[in-house]
Amino acid sequence: MYKKFLLRLSEEKYETLVSMSGEKSLNQYINEVLDSRILDVKGRNTQMEKVVIGGTKHEELREAVVVTQQPWYMDILDEYNIYFFSPNKIVKPMMSLLFYGDSDCKPAKSISRFGKVSHIYRHVTRENVETIPEMKQLLSDSRFSGKILSWEKYQIVVLSEVARLENPLPLTKEYVNHPRIIVNRETTLAKFLSAKKIDDLF
């Protein structure tokens, strides 16, 4: 069954389309352009992948991973239980995240939060980020939405819970592990529970 609709075009745009259609009818040409665009969008949408931690084999999971945060991202974490990994490298799933706050965070230069990962969205684009249920409330928050919607690609971690540590793990003066090299570093929950400082994790 076909539907009809009226397409209003300026004379210049009409003449341009006629010249581009070649030997095809204008109706056929416009339909082919629309079909191509629809397939393109659907193709991008189907690349989005949801990795549910509870449904992933244990041997495919990392136990605990350290990530670094600036205050702006820490605010998102605290209010929405959302963390953004760089989309440039597909992240291997993990059960837990340990959040290190940089020198502008409070407390500064320490791991002050622990999060349990629920699921991860990978291969997310600007076109489909607004379809993610967990992102709707965040994207309606004007403090964050403008910047987030300016990005082209995303890798989004949704946490089932985020807890603040009563005794944050500090970056001591005599540290071995520089903040730049602890990003995406793996550790264990046993080391985390017994650690007194960040170097104890590795």
# chains A, B, ... in the order shown; residues from 1 in each chain; ligands from 1
$ residues_around --residues "range 80-97 of chain A" --least-positions-apart "2" --cutoff "6 Å" --atoms "only C-alpha atoms" --output "list in words"
Leu61, Arg62, Glu63, Ala64, Val65, Val66, Ile76, Leu77, Asp78, Phe114, Gly115, Lys116, Val117, Tyr154, Gln155, Ile156, Val157, Val158 and Leu159 of chain A
$ select_by_dssp --residues "range 19-123 of chain A" --states "helix (DSSP H, G or I)" --output "ChimeraX atom specification"
/A:19-21,26-46,53-55,58-60,71-80
$ write_last_selection --atoms "N, CA and C atoms" --output "compact mmCIF listing (two decimals), in the first residue's frame"
# COMPACT_ATOMS: atom_id res chain seq x y z
N SER A 19 17.51 17.73 -12.94
CA SER A 19 18.79 17.52 -13.61
C SER A 19 19.57 16.36 -13.00
N MET A 20 19.42 16.14 -11.68
CA MET A 20 20.12 15.05 -11.01
C MET A 20 19.48 13.70 -11.28
N SER A 21 18.20 13.69 -11.59
CA SER A 21 17.48 12.42 -11.77
C SER A 21 17.84 11.74 -13.08
N LEU A 26 11.24 11.93 -11.76
CA LEU A 26 11.55 12.64 -10.53
C LEU A 26 11.03 11.86 -9.32
N ASN A 27 9.87 11.25 -9.44
CA ASN A 27 9.29 10.47 -8.35
C ASN A 27 10.19 9.28 -8.00
N GLN A 28 10.68 8.59 -9.02
CA GLN A 28 11.55 7.44 -8.79
C GLN A 28 12.85 7.87 -8.13
N TYR A 29 13.41 8.97 -8.62
CA TYR A 29 14.68 9.46 -8.08
C TYR A 29 14.55 9.84 -6.60
N ILE A 30 13.49 10.59 -6.26
CA ILE A 30 13.29 11.00 -4.87
C ILE A 30 13.08 9.78 -3.97
N ASN A 31 12.34 8.78 -4.46
CA ASN A 31 12.13 7.57 -3.67
C ASN A 31 13.44 6.83 -3.43
N GLU A 32 14.32 6.79 -4.43
CA GLU A 32 15.61 6.11 -4.27
C GLU A 32 16.50 6.85 -3.27
N VAL A 33 16.47 8.18 -3.32
CA VAL A 33 17.26 8.97 -2.36
C VAL A 33 16.76 8.72 -0.93
N LEU A 34 15.43 8.71 -0.76
CA LEU A 34 14.85 8.46 0.55
C LEU A 34 15.18 7.06 1.05
N ASP A 35 15.07 6.06 0.15
CA ASP A 35 15.39 4.68 0.53
C ASP A 35 16.83 4.55 1.00
N SER A 36 17.72 5.22 0.28
CA SER A 36 19.14 5.18 0.63
C SER A 36 19.39 5.80 2.01
N ARG A 37 18.73 6.91 2.26
CA ARG A 37 18.89 7.60 3.54
C ARG A 37 18.32 6.76 4.69
N ILE A 38 17.17 6.14 4.48
CA ILE A 38 16.56 5.30 5.51
C ILE A 38 17.45 4.10 5.84
N LEU A 39 18.00 3.46 4.81
CA LEU A 39 18.90 2.33 5.04
C LEU A 39 20.15 2.75 5.78
N ASP A 40 20.63 3.94 5.44
CA ASP A 40 21.84 4.47 6.10
C ASP A 40 21.59 4.67 7.59
N VAL A 41 20.47 5.28 7.93
CA VAL A 41 20.13 5.53 9.33
C VAL A 41 19.90 4.22 10.08
N LYS A 42 19.15 3.31 9.46
CA LYS A 42 18.89 2.02 10.10
C LYS A 42 20.19 1.26 10.31
N GLY A 43 21.08 1.34 9.35
CA GLY A 43 22.37 0.66 9.47
C GLY A 43 23.16 1.18 10.65
N ARG A 44 23.18 2.49 10.84
CA ARG A 44 23.90 3.08 11.98
C ARG A 44 23.25 2.68 13.29
N ASN A 45 21.92 2.67 13.30
CA ASN A 45 21.22 2.34 14.53
C ASN A 45 21.49 0.90 14.98
N THR A 46 21.58 -0.02 14.02
CA THR A 46 21.76 -1.42 14.38
C THR A 46 23.16 -1.71 14.88
N ILE A 53 26.10 -6.88 31.98
CA ILE A 53 27.14 -7.55 32.76
C ILE A 53 26.63 -8.88 33.33
N GLY A 54 25.38 -8.89 33.81
CA GLY A 54 24.82 -10.12 34.36
C GLY A 54 24.66 -11.23 33.35
N GLY A 55 24.64 -10.88 32.07
CA GLY A 55 24.49 -11.88 31.02
C GLY A 55 25.79 -12.21 30.31
N HIS A 58 31.69 -14.97 33.05
CA HIS A 58 32.61 -14.44 34.05
C HIS A 58 34.02 -14.28 33.50
N GLU A 59 34.46 -15.23 32.68
CA GLU A 59 35.82 -15.16 32.14
C GLU A 59 36.01 -14.03 31.13
N GLU A 60 34.91 -13.45 30.68
CA GLU A 60 34.99 -12.33 29.73
C GLU A 60 34.96 -10.98 30.43
N PRO A 71 35.57 17.18 37.57
CA PRO A 71 34.36 17.51 38.34
C PRO A 71 33.06 17.42 37.55
N TRP A 72 33.06 17.89 36.30
CA TRP A 72 31.85 17.88 35.48
C TRP A 72 31.32 16.46 35.30
N TYR A 73 32.22 15.53 35.02
CA TYR A 73 31.83 14.13 34.85
C TYR A 73 31.45 13.49 36.18
N MET A 74 32.11 13.91 37.25
CA MET A 74 31.80 13.37 38.57
C MET A 74 30.38 13.78 38.99
N ASP A 75 29.96 14.99 38.60
CA ASP A 75 28.60 15.43 38.88
C ASP A 75 27.58 14.54 38.16
N ILE A 76 27.88 14.19 36.92
CA ILE A 76 26.99 13.30 36.16
C ILE A 76 26.93 11.93 36.84
N LEU A 77 28.08 11.45 37.26
CA LEU A 77 28.14 10.16 37.94
C LEU A 77 27.29 10.17 39.21
N ASP A 78 27.46 11.20 40.02
CA ASP A 78 26.75 11.28 41.30
C ASP A 78 25.24 11.39 41.13
N GLU A 79 24.81 12.11 40.10
CA GLU A 79 23.38 12.37 39.93
C GLU A 79 22.66 11.34 39.05
N TYR A 80 23.41 10.75 38.09
CA TYR A 80 22.72 9.90 37.11
C TYR A 80 23.31 8.49 36.99
$ atom_distance --atom1 "CA of Ile111 in chain A" --atom2 "CA of Thr172 in chain A"
11.6 Å
